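Q: Structure file start_3.cif (mmCIF, C-alpha atoms and all ligand atoms) right here:
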data_work
loop_
_atom_site.label_atom_id
_atom_site.label_comp_id
_atom_site.auth_asym_id
_atom_site.auth_seq_id
_atom_site.Cartn_x
_atom_site.Cartn_y
_atom_site.Cartn_z
CA ARG A 1 -8.25 -9.71 59.36
CA ALA A 2 -9.18 -12.70 57.33
CA LYS A 3 -12.57 -11.13 56.71
CA GLU A 4 -10.99 -7.91 55.53
CA THR A 5 -8.67 -9.71 53.10
CA GLY A 6 -11.63 -11.65 51.86
CA ARG A 7 -13.58 -8.50 51.20
CA HIS A 8 -10.71 -6.87 49.38
CA SER A 9 -10.11 -9.83 47.16
CA PHE A 10 -13.84 -9.94 46.48
CA ARG A 11 -13.82 -6.31 45.38
CA PHE A 12 -10.80 -6.89 43.24
CA TYR A 13 -12.48 -9.90 41.70
CA THR A 14 -15.70 -8.07 40.78
CA ALA A 15 -13.80 -5.14 39.32
CA GLN A 16 -11.93 -7.56 37.13
CA MET A 17 -15.14 -9.32 36.18
CA ASN A 18 -16.79 -6.05 35.22
CA GLU A 19 -13.84 -5.07 33.14
CA ARG A 20 -13.93 -8.39 31.39
CA SER A 21 -17.66 -8.37 30.68
CA LEU A 22 -17.41 -4.74 29.55
CA ALA A 23 -14.70 -5.69 27.07
CA ARG A 24 -16.90 -8.52 25.90
CA ILE A 25 -19.93 -6.27 25.45
CA THR A 26 -17.85 -3.72 23.54
CA LEU A 27 -16.50 -6.47 21.30
CA GLU A 28 -19.99 -7.83 20.78
CA ASN A 29 -21.46 -4.42 19.88
CA HIS A 30 -18.75 -3.75 17.33
CA LEU A 31 -19.08 -7.26 15.96
CA ARG A 32 -22.82 -6.79 15.40
CA ARG A 33 -22.16 -3.87 13.07
CA ALA A 34 -19.01 -5.22 11.42
CA LEU A 35 -20.76 -7.06 8.61
CA GLU A 36 -22.95 -4.17 7.44
CA ARG A 37 -20.01 -1.78 7.76
CA GLY A 38 -17.89 -3.99 5.54
CA GLU A 39 -15.12 -4.54 8.09
CA PHE A 40 -14.47 -8.18 7.26
CA VAL A 41 -11.95 -9.26 4.70
CA LEU A 42 -10.70 -12.66 3.57
CA HIS A 43 -7.06 -13.53 3.35
CA TYR A 44 -5.88 -16.48 1.31
CA GLN A 45 -3.15 -18.94 2.18
CA PRO A 46 -1.81 -21.09 -0.66
CA LYS A 47 -1.94 -24.87 -0.63
CA VAL A 48 0.96 -26.29 -2.55
CA SER A 49 1.13 -29.68 -4.21
CA LEU A 50 4.22 -31.85 -3.61
CA PRO A 51 6.65 -32.24 -5.18
CA SER A 52 5.72 -29.79 -7.94
CA GLY A 53 5.44 -26.75 -5.67
CA GLN A 54 2.46 -25.55 -7.67
CA ILE A 55 -0.36 -23.75 -5.93
CA VAL A 56 -3.43 -25.98 -6.22
CA GLY A 57 -5.72 -24.10 -3.91
CA MET A 58 -6.00 -21.77 -0.97
CA GLU A 59 -7.67 -21.54 2.40
CA ALA A 60 -9.88 -18.50 2.98
CA LEU A 61 -9.18 -17.08 6.43
CA LEU A 62 -11.37 -14.41 7.97
CA ARG A 63 -9.90 -11.09 9.13
CA TRP A 64 -11.69 -8.32 10.97
CA ASP A 65 -10.33 -4.81 10.52
CA SER A 66 -12.23 -2.81 13.10
CA PRO A 67 -11.78 0.99 13.06
CA GLU A 68 -12.27 1.01 16.84
CA LEU A 69 -10.48 -2.17 17.90
CA GLY A 70 -7.84 -2.52 15.21
CA SER A 71 -7.10 -5.82 13.53
CA VAL A 72 -8.91 -8.56 15.50
CA PRO A 73 -7.67 -12.14 14.90
CA PRO A 74 -10.30 -14.84 14.23
CA ASP A 75 -9.57 -16.72 17.45
CA ALA A 76 -10.61 -13.56 19.34
CA PHE A 77 -14.05 -13.14 17.78
CA ILE A 78 -15.19 -16.37 16.13
CA PRO A 79 -15.92 -18.12 19.46
CA LEU A 80 -18.06 -15.10 20.46
CA ALA A 81 -19.84 -15.06 17.09
CA GLU A 82 -20.41 -18.77 17.54
CA GLU A 83 -22.03 -18.13 20.93
CA ASN A 84 -24.31 -15.27 19.91
CA GLY A 85 -25.24 -16.66 16.50
CA LEU A 86 -23.55 -13.96 14.42
CA ILE A 87 -21.44 -16.72 12.89
CA ILE A 88 -24.44 -17.60 10.70
CA PRO A 89 -24.54 -14.34 8.66
CA ILE A 90 -20.75 -13.99 8.89
CA GLY A 91 -20.26 -17.56 7.67
CA THR A 92 -22.62 -16.99 4.75
CA TRP A 93 -20.64 -13.87 3.82
CA VAL A 94 -17.38 -15.87 3.96
CA LEU A 95 -18.80 -18.57 1.67
CA ARG A 96 -20.06 -16.07 -0.91
CA THR A 97 -16.92 -13.94 -0.84
CA ALA A 98 -14.57 -16.92 -1.14
CA CYS A 99 -16.59 -18.44 -4.01
CA ALA A 100 -16.84 -15.08 -5.81
CA GLN A 101 -13.08 -14.48 -5.48
CA ASN A 102 -12.21 -17.95 -6.73
CA LYS A 103 -14.61 -17.54 -9.68
CA ALA A 104 -12.90 -14.23 -10.54
CA TRP A 105 -9.47 -15.93 -10.63
CA TYR A 106 -10.93 -18.81 -12.62
CA ASP A 107 -12.36 -16.36 -15.15
CA ALA A 108 -9.05 -14.49 -15.28
CA GLY A 109 -7.48 -17.65 -16.71
CA PHE A 110 -5.42 -18.91 -13.78
CA PRO A 111 -5.20 -22.71 -13.48
CA ALA A 112 -8.31 -23.92 -11.63
CA LEU A 113 -7.83 -23.58 -7.88
CA SER A 114 -9.81 -25.07 -5.06
CA VAL A 115 -10.84 -22.61 -2.35
CA ALA A 116 -11.26 -24.01 1.15
CA VAL A 117 -13.77 -22.47 3.55
CA ASN A 118 -13.91 -23.25 7.27
CA LEU A 119 -17.33 -24.12 8.62
CA SER A 120 -18.06 -23.49 12.29
CA PRO A 121 -19.95 -26.00 14.44
CA ARG A 122 -23.04 -23.82 14.71
CA GLN A 123 -23.01 -23.04 11.02
CA PHE A 124 -22.79 -26.74 10.27
CA ARG A 125 -25.76 -27.44 12.56
CA GLN A 126 -27.84 -24.79 10.79
CA GLN A 127 -30.86 -26.50 9.23
CA ASP A 128 -30.37 -25.21 5.69
CA ILE A 129 -26.56 -25.32 5.51
CA THR A 130 -26.59 -27.31 2.26
CA ALA A 131 -28.95 -24.74 0.70
CA VAL A 132 -26.71 -21.86 1.88
CA ILE A 133 -23.72 -23.51 0.22
CA ALA A 134 -25.69 -24.33 -2.94
CA GLU A 135 -26.77 -20.69 -3.15
CA ALA A 136 -23.23 -19.39 -2.76
CA LEU A 137 -22.17 -21.62 -5.66
CA ALA A 138 -25.17 -20.73 -7.82
CA GLU A 139 -24.91 -16.97 -7.20
CA THR A 140 -21.21 -16.80 -7.95
CA GLY A 141 -21.11 -19.40 -10.70
CA LEU A 142 -18.11 -21.17 -9.17
CA PRO A 143 -17.87 -24.77 -10.39
CA PRO A 144 -18.71 -26.82 -7.25
CA HIS A 145 -15.59 -28.99 -7.48
CA LEU A 146 -13.54 -25.82 -6.83
CA LEU A 147 -15.02 -25.44 -3.34
CA GLU A 148 -13.66 -27.41 -0.42
CA LEU A 149 -15.28 -27.35 3.01
CA GLU A 150 -13.10 -27.71 6.10
CA ILE A 151 -14.88 -29.47 8.93
CA THR A 152 -13.41 -30.44 12.29
CA GLU A 153 -13.69 -33.78 14.02
CA SER A 154 -15.87 -32.45 16.82
CA MET A 155 -18.49 -31.39 14.29
CA VAL A 156 -19.10 -34.93 13.06
CA MET A 157 -19.20 -36.58 16.47
CA GLN A 158 -22.89 -36.04 17.21
CA ASP A 159 -25.98 -37.02 15.31
CA ALA A 160 -24.23 -39.27 12.82
CA THR A 161 -27.37 -39.73 10.74
CA ARG A 162 -27.80 -36.01 10.06
CA VAL A 163 -24.06 -35.47 9.59
CA ALA A 164 -23.96 -38.26 7.01
CA SER A 165 -26.91 -36.84 5.11
CA VAL A 166 -25.44 -33.30 5.07
CA LEU A 167 -22.00 -34.50 3.98
CA ASN A 168 -23.43 -36.82 1.34
CA GLU A 169 -25.54 -33.97 -0.02
CA LEU A 170 -22.48 -31.69 -0.23
CA LYS A 171 -20.60 -34.44 -2.10
CA ARG A 172 -23.58 -34.94 -4.41
CA MET A 173 -23.46 -31.21 -5.20
CA GLY A 174 -19.82 -31.69 -6.20
CA ALA A 175 -17.99 -29.94 -3.35
CA SER A 176 -15.06 -31.63 -1.63
CA LEU A 177 -14.65 -32.26 2.08
CA ALA A 178 -11.59 -31.96 4.27
CA MET A 179 -11.24 -32.91 7.92
CA ASP A 180 -9.42 -30.00 9.57
CA ASP A 181 -7.09 -30.04 12.58
CA PHE A 182 -6.80 -33.82 12.47
CA GLY A 183 -5.29 -35.21 15.62
CA THR A 184 -6.41 -32.52 18.04
CA GLY A 185 -9.83 -33.90 18.95
CA TYR A 186 -11.20 -37.36 19.50
CA SER A 187 -9.66 -38.51 16.26
CA SER A 188 -11.37 -41.62 15.20
CA LEU A 189 -10.74 -43.71 12.16
CA ALA A 190 -14.40 -44.66 12.31
CA TYR A 191 -15.41 -41.09 11.35
CA LEU A 192 -13.05 -41.07 8.44
CA LYS A 193 -14.51 -44.29 7.14
CA ARG A 194 -18.13 -43.50 7.83
CA PHE A 195 -18.24 -40.08 6.17
CA PRO A 196 -17.29 -39.14 2.60
CA PHE A 197 -14.17 -37.06 3.31
CA ASP A 198 -11.73 -36.46 0.46
CA LYS A 199 -8.85 -35.09 2.44
CA LEU A 200 -7.32 -35.05 5.87
CA LYS A 201 -5.50 -32.03 7.26
CA ILE A 202 -2.78 -32.87 9.77
CA ASP A 203 -2.89 -30.27 12.52
CA LYS A 204 0.03 -27.90 12.79
CA SER A 205 0.78 -29.03 16.34
CA PHE A 206 2.17 -32.29 14.87
CA VAL A 207 4.13 -30.50 12.18
CA ILE A 208 5.84 -27.91 14.33
CA ASP A 209 8.69 -30.14 15.62
CA ILE A 210 8.46 -32.91 13.07
CA THR A 211 12.20 -32.72 12.34
CA THR A 212 13.23 -32.74 16.01
CA ASP A 213 10.61 -34.79 17.86
CA PRO A 214 10.65 -38.46 16.83
CA ASN A 215 7.14 -38.94 18.28
CA ASN A 216 5.54 -36.29 16.11
CA ALA A 217 7.54 -37.52 13.13
CA ALA A 218 6.17 -41.02 13.74
CA ILE A 219 2.61 -39.72 14.17
CA ALA A 220 2.73 -37.71 10.95
CA LYS A 221 4.16 -40.67 9.07
CA ALA A 222 1.49 -43.03 10.41
CA VAL A 223 -1.34 -40.58 9.74
CA ILE A 224 -0.22 -40.13 6.13
CA ALA A 225 -0.01 -43.90 5.56
CA MET A 226 -3.36 -44.50 7.25
CA ALA A 227 -5.10 -41.74 5.29
CA HIS A 228 -3.72 -43.06 2.01
CA SER A 229 -4.91 -46.58 2.78
CA LEU A 230 -8.39 -45.07 3.24
CA HIS A 231 -7.99 -43.31 -0.14
CA LEU A 232 -7.82 -39.86 1.41
CA LYS A 233 -5.46 -37.13 0.30
CA VAL A 234 -3.29 -35.61 3.00
CA ILE A 235 -2.33 -32.00 3.56
CA ALA A 236 -0.13 -30.75 6.39
CA GLU A 237 -0.80 -27.31 7.86
CA GLY A 238 1.69 -25.11 9.68
CA VAL A 239 4.73 -25.98 7.54
CA GLU A 240 7.35 -23.36 8.35
CA THR A 241 10.66 -24.83 7.20
CA GLN A 242 12.31 -26.59 4.26
CA GLY A 243 13.13 -29.48 6.59
CA GLN A 244 9.49 -30.03 7.48
CA LEU A 245 8.56 -29.87 3.81
CA ASN A 246 11.23 -32.42 2.91
CA TYR A 247 10.17 -34.81 5.66
CA LEU A 248 6.49 -34.59 4.71
CA HIS A 249 7.32 -35.11 1.06
CA ASP A 250 9.40 -38.19 1.91
CA GLN A 251 6.41 -39.64 3.77
CA GLY A 252 4.21 -39.12 0.72
CA CYS A 253 2.21 -36.13 1.96
CA ASP A 254 0.23 -34.74 -1.00
CA GLU A 255 0.04 -31.05 -0.15
CA ILE A 256 1.38 -28.53 2.32
CA GLN A 257 0.28 -25.19 3.66
CA GLY A 258 2.18 -22.87 5.96
CA TYR A 259 4.38 -19.85 6.45
CA PHE A 260 7.22 -21.56 4.56
CA VAL A 261 5.14 -21.16 1.42
CA SER A 262 3.36 -18.00 2.43
CA ARG A 263 1.38 -16.41 5.23
CA PRO A 264 -2.29 -15.82 4.50
CA VAL A 265 -2.35 -12.73 2.26
CA ALA A 266 -4.89 -10.33 0.80
CA ALA A 267 -6.38 -11.20 -2.60
CA GLY A 268 -4.13 -8.84 -4.56
CA GLU A 269 -0.98 -10.29 -3.06
CA PHE A 270 -2.25 -13.85 -3.59
CA MET A 271 -2.53 -13.13 -7.27
CA ARG A 272 1.12 -12.09 -7.33
CA LEU A 273 2.02 -15.41 -5.67
CA LEU A 274 0.17 -17.21 -8.47
CA GLN A 275 2.33 -15.44 -10.99
CA GLY A 276 5.63 -16.41 -9.35
CA GLN A 277 5.38 -20.20 -9.20
CA PRO A 278 6.62 -22.69 -8.13
CA ILE A 279 7.28 -21.31 -4.69
CA ALA A 280 8.26 -24.21 -2.41
CA VAL A 281 9.73 -27.51 -3.56
CA PRO A 282 11.47 -30.38 -1.73
CA SER A 283 15.26 -30.19 -1.85
CA HIS A 284 16.85 -33.55 -1.27
CA ALA A 285 20.37 -32.29 -1.11
CA ALA A 286 19.29 -30.30 1.90
CA GLY A 287 17.92 -33.20 3.99
CA TYR A 288 16.02 -31.85 6.95
CA PRO A 289 18.18 -28.78 7.53
CA ASP A 290 16.26 -27.33 10.45
CA LYS A 291 17.11 -30.36 12.55
CA THR A 292 19.04 -29.15 15.56
P1 LIG A 301 -7.49 -23.27 10.88
O1 LIG A 301 -8.66 -23.49 10.01
O2 LIG A 301 -6.81 -24.47 11.42
O3 LIG A 301 -6.48 -22.36 10.04
C1 LIG A 301 -5.10 -22.44 10.10
C2 LIG A 301 -4.52 -21.38 10.99
O4 LIG A 301 -3.11 -21.58 11.07
C3 LIG A 301 -4.70 -19.95 10.46
O5 LIG A 301 -4.81 -19.07 11.58
C4 LIG A 301 -3.37 -19.71 9.76
O6 LIG A 301 -3.04 -18.34 9.62
C5 LIG A 301 -2.42 -20.41 10.69
N1 LIG A 301 -1.19 -20.81 10.03
C6 LIG A 301 -1.01 -21.12 8.73
N2 LIG A 301 0.26 -21.47 8.48
C7 LIG A 301 0.91 -21.39 9.65
C8 LIG A 301 2.28 -21.66 10.04
O7 LIG A 301 3.14 -22.02 9.23
N3 LIG A 301 2.58 -21.49 11.35
C9 LIG A 301 1.66 -21.09 12.26
N4 LIG A 301 2.04 -20.94 13.53
N5 LIG A 301 0.36 -20.84 11.94
C10 LIG A 301 0.00 -21.00 10.64
P2 LIG A 301 -5.89 -17.91 11.61
O8 LIG A 301 -6.04 -17.30 10.28
O9 LIG A 301 -5.54 -17.03 12.78
O10 LIG A 301 -7.23 -18.70 11.93
C11 LIG A 301 -7.39 -19.39 13.15
C12 LIG A 301 -8.61 -20.25 13.13
O11 LIG A 301 -9.79 -19.43 13.05
C13 LIG A 301 -8.69 -21.20 11.94
O12 LIG A 301 -7.90 -22.34 12.16
C14 LIG A 301 -10.17 -21.48 11.92
O13 LIG A 301 -10.50 -22.46 12.87
C15 LIG A 301 -10.76 -20.16 12.37
N6 LIG A 301 -11.22 -19.42 11.17
C16 LIG A 301 -10.55 -18.60 10.34
N7 LIG A 301 -11.35 -18.12 9.37
C17 LIG A 301 -12.56 -18.67 9.58
C18 LIG A 301 -13.84 -18.57 8.90
O14 LIG A 301 -14.00 -17.90 7.87
N8 LIG A 301 -14.88 -19.27 9.46
C19 LIG A 301 -14.74 -20.06 10.57
N9 LIG A 301 -15.80 -20.71 11.04
N10 LIG A 301 -13.56 -20.18 11.20
C20 LIG A 301 -12.50 -19.50 10.71
MG MG A 302 -8.99 -24.60 8.37
MG MG A 303 -6.59 -26.28 10.42
MG MG A 304 -5.39 -25.91 13.06
#
Using structure tokens, write down the structure from this file.
A:
Amino acid sequence: RAKETGRHSFRFYTAQMNERSLARITLENHLRRALERGEFVLHYQPKVSLPSGQIVGMEALLRWDSPELGSVPPDAFIPLAEENGLIIPIGTWVLRTACAQNKAWYDAGFPALSVAVNLSPRQFRQQDITAVIAEALAETGLPPHLLELEITESMVMQDATRVASVLNELKRMGASLAMDDFGTGYSSLAYLKRFPFDKLKIDKSFVIDITTDPNNAAIAKAVIAMAHSLHLKVIAEGVETQGQLNYLHDQGCDEIQGYFVSRPVAAGEFMRLLQGQPIAVPSHAAGYPDKT
């Protein structure tokens, strides 16, 4: 009996495995053609300065509209692209597209905005990453100080000598550097001091219950103070409520980004946001109204 059960569960297991690897192969095949078929698009999420509520920049976030698979979120295909190397051409496309779009808004006479582009670990390890970025700037004509690169903690943990030389070169070119998702990895103050970061991005997991969880409130407050003492600007991601905005403003947070201001939106819609400013300001009469 035991043997029989074992065999059945084995069969069930392999069927599931096949289904899973088939789904993966399908995804991979579609992903290989997505770039040449023009299925990628960038959405832009505003970054708002406090307390003015003015949009000072935006994060470019990759979207894949696949005719076969529908709208595929980045978390569902970027890890795969990272594994099979497709992230290199995709990442180059993201850099060029984001720089070109920001240059177009710059030329259209909007106040200068900084566009933030996420770099993936593999892309960052690519030998000629600084040349790829320099080319994107040169080809589009975007002033380098209007490009910000978002890099995660895990990416700067190995090979400190190379990391330092890449980051210093990017700074020398005039780009700015933000440490993304701060607090989720092996956050180390040593990295922040050793490398030439301009800005620290508090991860949304610390922001989510900032008005209800005293621990996260204390962490956010401490991170902001610490970053400022290291002369870094601080932005909080994942801000969804007026209460969170108010709290972050009271702690001296420089910028916010999140659904409270706007979801990431297509370029056309982003331009309409630019025209309707300011869009999210602290309201002191309100306190932290989402507190339960
Ligand atoms: P990330 O860089 O930390 O980007 C922030 C994510 O939080 C985005 O998810 C954004 O839509 C989401 N978000 C923004 N505001 C809020 C909010 O108020 N509440 C909540 N719950 N979420 C919010 P998205 O667009 O799905 O991207 C997920 C991740 O995929 C990004 O995390 C980034 O790591 C990666 N990614 C996106 N685009 C690119 C890209 O062009 N290249 C690379 N290498 N990675 C990318
Ligand atoms: Mg990011
Ligand atoms: Mg982030
Ligand atoms: Mg994050």
Q: Could the residues that lie within 8 Å of ligand MG 304 (chain A), counting all atoms listed in the file, be listed as a list in words?
A: Asp180, Asp181, Asp203, Lys204, Ser205, Glu237 and Gly238 of chain A
Q: Can you tell me which residues surround A:Tyr247 at a distance of at most 10 Å, considering all atoms listed in the file, apart from same-chain residues fewer than 5 positions away, and format the answer as an MDAnalysis selection string?
A: chainID A and resid 207 210:211 217 220:221 242 252:253 282 284 287:288
Q: A:Leu273, A:Leu146, A:Leu230, A:Ala236: which is nearest A:Gly183, counting all atoms listed in the file?
A: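 Of all the options, A:Ala236 lies closest to A:Gly183.
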Q: At what distance in Å, to one decimal, does atom CA of A:Leu147 lie from atom CA of A:Ala112?
A: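 Taking atom CA of A:Ala112 as the start and atom CA of A:Leu147 as the end point, the length is 10.8 Å.
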Q: For stretch 39-51 of chain A, what centre and edge lengths in Å (one decimal) does the axis-aligned box get once 6 Å is added on each side of all its listed atoms, as JSON?
A:
{"center_x": -4.2, "center_y": -18.4, "center_z": 1.5, "size_x": 33.8, "size_y": 39.7, "size_z": 25.3}
Q: Could you give me, as a Markdown table, a per-residue list for chain A showing, wherever an atom lies at most 12 Å from an atom of ligand MG 302 (chain A), the closest pair of atoms and their distance in Å to one decimal, using all atoms listed in the file and sorting by chain then residue number from low to high?
A:
| residue | atom | partner | partner_atom | distance |
| --- | --- | --- | --- | --- |
| A:Tyr44 | CA | A:MG302 | MG | 11.2 |
| A:Gln45 | CA | A:MG302 | MG | 10.2 |
| A:Lys47 | CA | A:MG302 | MG | 11.4 |
| A:Met58 | CA | A:MG302 | MG | 10.2 |
| A:Glu59 | CA | A:MG302 | MG | 6.8 |
| A:Ala60 | CA | A:MG302 | MG | 8.2 |
| A:Leu61 | CA | A:MG302 | MG | 7.8 |
| A:Leu62 | CA | A:MG302 | MG | 10.5 |
| A:Pro74 | CA | A:MG302 | MG | 11.5 |
| A:Val115 | CA | A:MG302 | MG | 11.1 |
| A:Ala116 | CA | A:MG302 | MG | 7.6 |
| A:Val117 | CA | A:MG302 | MG | 7.1 |
| A:Asn118 | CA | A:MG302 | MG | 5.2 |
| A:Leu119 | CA | A:MG302 | MG | 8.4 |
| A:Ser120 | CA | A:MG302 | MG | 9.9 |
| A:Glu148 | CA | A:MG302 | MG | 10.3 |
| A:Leu149 | CA | A:MG302 | MG | 8.7 |
| A:Glu150 | CA | A:MG302 | MG | 5.6 |
| A:Ile151 | CA | A:MG302 | MG | 7.7 |
| A:Thr152 | CA | A:MG302 | MG | 8.3 |
| A:Glu153 | CA | A:MG302 | MG | 11.8 |
| A:Leu177 | CA | A:MG302 | MG | 11.4 |
| A:Ala178 | CA | A:MG302 | MG | 8.8 |
| A:Met179 | CA | A:MG302 | MG | 8.6 |
| A:Asp180 | CA | A:MG302 | MG | 5.5 |
| A:Asp181 | CA | A:MG302 | MG | 7.1 |
| A:Phe182 | CA | A:MG302 | MG | 10.3 |
| A:Leu200 | CA | A:MG302 | MG | 10.9 |
| A:Lys201 | CA | A:MG302 | MG | 8.3 |
| A:Ile202 | CA | A:MG302 | MG | 10.4 |
| A:Asp203 | CA | A:MG302 | MG | 9.3 |
| A:Lys204 | CA | A:MG302 | MG | 10.6 |
| A:Ile235 | CA | A:MG302 | MG | 11.1 |
| A:Ala236 | CA | A:MG302 | MG | 11.0 |
| A:Glu237 | CA | A:MG302 | MG | 8.6 |
| A:Gly238 | CA | A:MG302 | MG | 10.8 |
| A:Gln257 | CA | A:MG302 | MG | 10.4 |
| A:Gly258 | CA | A:MG302 | MG | 11.6 |
| A:Pro264 | CA | A:MG302 | MG | 11.7 |
Q: Pick out the residues sitting within 12 Å of A:Asp128, and hand them over as an MDAnalysis selection string; count only C-alpha atoms, and ignore anything fewer than 4 positions along from it in its own chain.
A: chainID A and resid 88 92 122:124 132:135 162 166 169:170
Q: Pick the closest to ligand MG 303 (chain A) from A:Pro289, A:Gly185, A:Pro67, A:Pro143: which is it, counting only C-alpha atoms and all ligand atoms?
A: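 Of the candidates, the smallest distance to ligand MG 303 (chain A) is held by A:Gly185.
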Q: Could you check how far atom CA of A:Glu269 sits from atom CA of A:Gln54, in Å to one decimal?
A: 16.3 Å
Q: Using only C-alpha atoms, which residues sit within 12 Å of A:Gly268 once same-chain residues fewer than 5 positions away are excluded, as a ChimeraX atom specification?
A: /A:42-44,101,104-105,273-275
Q: Could you state the separation of atom CA of A:Asp159 and atom CA of A:Phe195 in Å, given to one decimal place?
A: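 Between these atoms lies a distance of 12.4 Å.
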Q: So which one's closest to ligand LIG 301 (chain A), A:Gly91, A:Gly70, A:Pro51, A:Pro46? Using only C-alpha atoms and all ligand atoms, please.
A: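 Selected residue with least distance to ligand LIG 301 (chain A): A:Gly91.
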Q: Which one is closest to ligand LIG 301 (chain A): A:Ser66, A:Ser229, A:Thr26, A:Thr97? Count all atoms listed in the file.
A: A:Thr97
Q: Which residues are near A:Asp65? Cut-off 10 Å, all atoms listed in the file, ignore same chain within fewer than 6 positions. Put them as number ranges by chain.
A: A: 34, 38-41, 71-73
Q: Which residues are near A:Glu255? Cut-off 6 Å, all atoms listed in the file, ignore same chain within fewer than 5 positions. Put them as a ChimeraX atom specification.
A: /A:48-50,235
Q: For A:Arg63, which of A:Val265, A:Ile256, A:Ala108, A:Ala136 is the closest residue, counting only C-alpha atoms?
A: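 Checking each of A:Val265, A:Ile256, A:Ala108, A:Ala136 against A:Arg63, counting only C-alpha atoms, the winner is A:Val265.
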Q: Can we get stretch 269-280 of chain A of that structure written down with N, CA, C and O atoms, as a PDB file, in the first residue's frame?
A:
ATOM      1  N   GLU A 269      -0.234  59.867 -19.266  1.00  0.00           N
ATOM      2  CA  GLU A 269      -0.916  60.191 -18.025  1.00  0.00           C
ATOM      3  C   GLU A 269       0.026  60.920 -17.063  1.00  0.00           C
ATOM      4  O   GLU A 269      -0.392  61.809 -16.314  1.00  0.00           O
ATOM      5  N   PHE A 270       1.301  60.543 -17.094  1.00  0.00           N
ATOM      6  CA  PHE A 270       2.282  61.208 -16.226  1.00  0.00           C
ATOM      7  C   PHE A 270       2.357  62.691 -16.559  1.00  0.00           C
ATOM      8  O   PHE A 270       2.439  63.539 -15.676  1.00  0.00           O
ATOM      9  N   MET A 271       2.275  62.993 -17.843  1.00  0.00           N
ATOM     10  CA  MET A 271       2.333  64.387 -18.252  1.00  0.00           C
ATOM     11  C   MET A 271       1.134  65.167 -17.704  1.00  0.00           C
ATOM     12  O   MET A 271       1.267  66.319 -17.301  1.00  0.00           O
ATOM     13  N   ARG A 272      -0.016  64.506 -17.644  1.00  0.00           N
ATOM     14  CA  ARG A 272      -1.179  65.179 -17.057  1.00  0.00           C
ATOM     15  C   ARG A 272      -0.983  65.418 -15.562  1.00  0.00           C
ATOM     16  O   ARG A 272      -1.412  66.433 -15.024  1.00  0.00           O
ATOM     17  N   LEU A 273      -0.301  64.485 -14.874  1.00  0.00           N
ATOM     18  CA  LEU A 273       0.010  64.700 -13.453  1.00  0.00           C
ATOM     19  C   LEU A 273       0.893  65.937 -13.283  1.00  0.00           C
ATOM     20  O   LEU A 273       0.694  66.733 -12.374  1.00  0.00           O
ATOM     21  N   LEU A 274       1.859  66.089 -14.191  1.00  0.00           N
ATOM     22  CA  LEU A 274       2.764  67.237 -14.120  1.00  0.00           C
ATOM     23  C   LEU A 274       2.008  68.550 -14.224  1.00  0.00           C
ATOM     24  O   LEU A 274       2.408  69.564 -13.662  1.00  0.00           O
ATOM     25  N   GLN A 275       0.919  68.509 -14.960  1.00  0.00           N
ATOM     26  CA  GLN A 275       0.159  69.736 -15.175  1.00  0.00           C
ATOM     27  C   GLN A 275      -0.776  70.069 -14.014  1.00  0.00           C
ATOM     28  O   GLN A 275      -1.249  71.177 -13.905  1.00  0.00           O
ATOM     29  N   GLY A 276      -1.014  69.110 -13.134  1.00  0.00           N
ATOM     30  CA  GLY A 276      -1.976  69.348 -12.042  1.00  0.00           C
ATOM     31  C   GLY A 276      -1.357  69.434 -10.666  1.00  0.00           C
ATOM     32  O   GLY A 276      -1.907  68.924  -9.702  1.00  0.00           O
ATOM     33  N   GLN A 277      -0.206  70.067 -10.545  1.00  0.00           N
ATOM     34  CA  GLN A 277       0.519  70.070  -9.267  1.00  0.00           C
ATOM     35  C   GLN A 277       0.097  71.216  -8.361  1.00  0.00           C
ATOM     36  O   GLN A 277      -0.449  72.176  -8.844  1.00  0.00           O
ATOM     37  N   PRO A 278       0.409  71.171  -7.032  1.00  0.00           N
ATOM     38  CA  PRO A 278       0.974  70.024  -6.317  1.00  0.00           C
ATOM     39  C   PRO A 278      -0.086  68.953  -6.069  1.00  0.00           C
ATOM     40  O   PRO A 278      -1.276  69.260  -6.045  1.00  0.00           O
ATOM     41  N   ILE A 279       0.366  67.722  -5.879  1.00  0.00           N
ATOM     42  CA  ILE A 279      -0.628  66.666  -5.767  1.00  0.00           C
ATOM     43  C   ILE A 279      -0.701  65.978  -4.407  1.00  0.00           C
ATOM     44  O   ILE A 279      -1.657  65.293  -4.134  1.00  0.00           O
ATOM     45  N   ALA A 280       0.283  66.156  -3.544  1.00  0.00           N
ATOM     46  CA  ALA A 280       0.198  65.518  -2.219  1.00  0.00           C
ATOM     47  C   ALA A 280       1.045  66.291  -1.224  1.00  0.00           C
ATOM     48  O   ALA A 280       2.251  66.287  -1.319  1.00  0.00           O
TER      49      ALA A 280
END
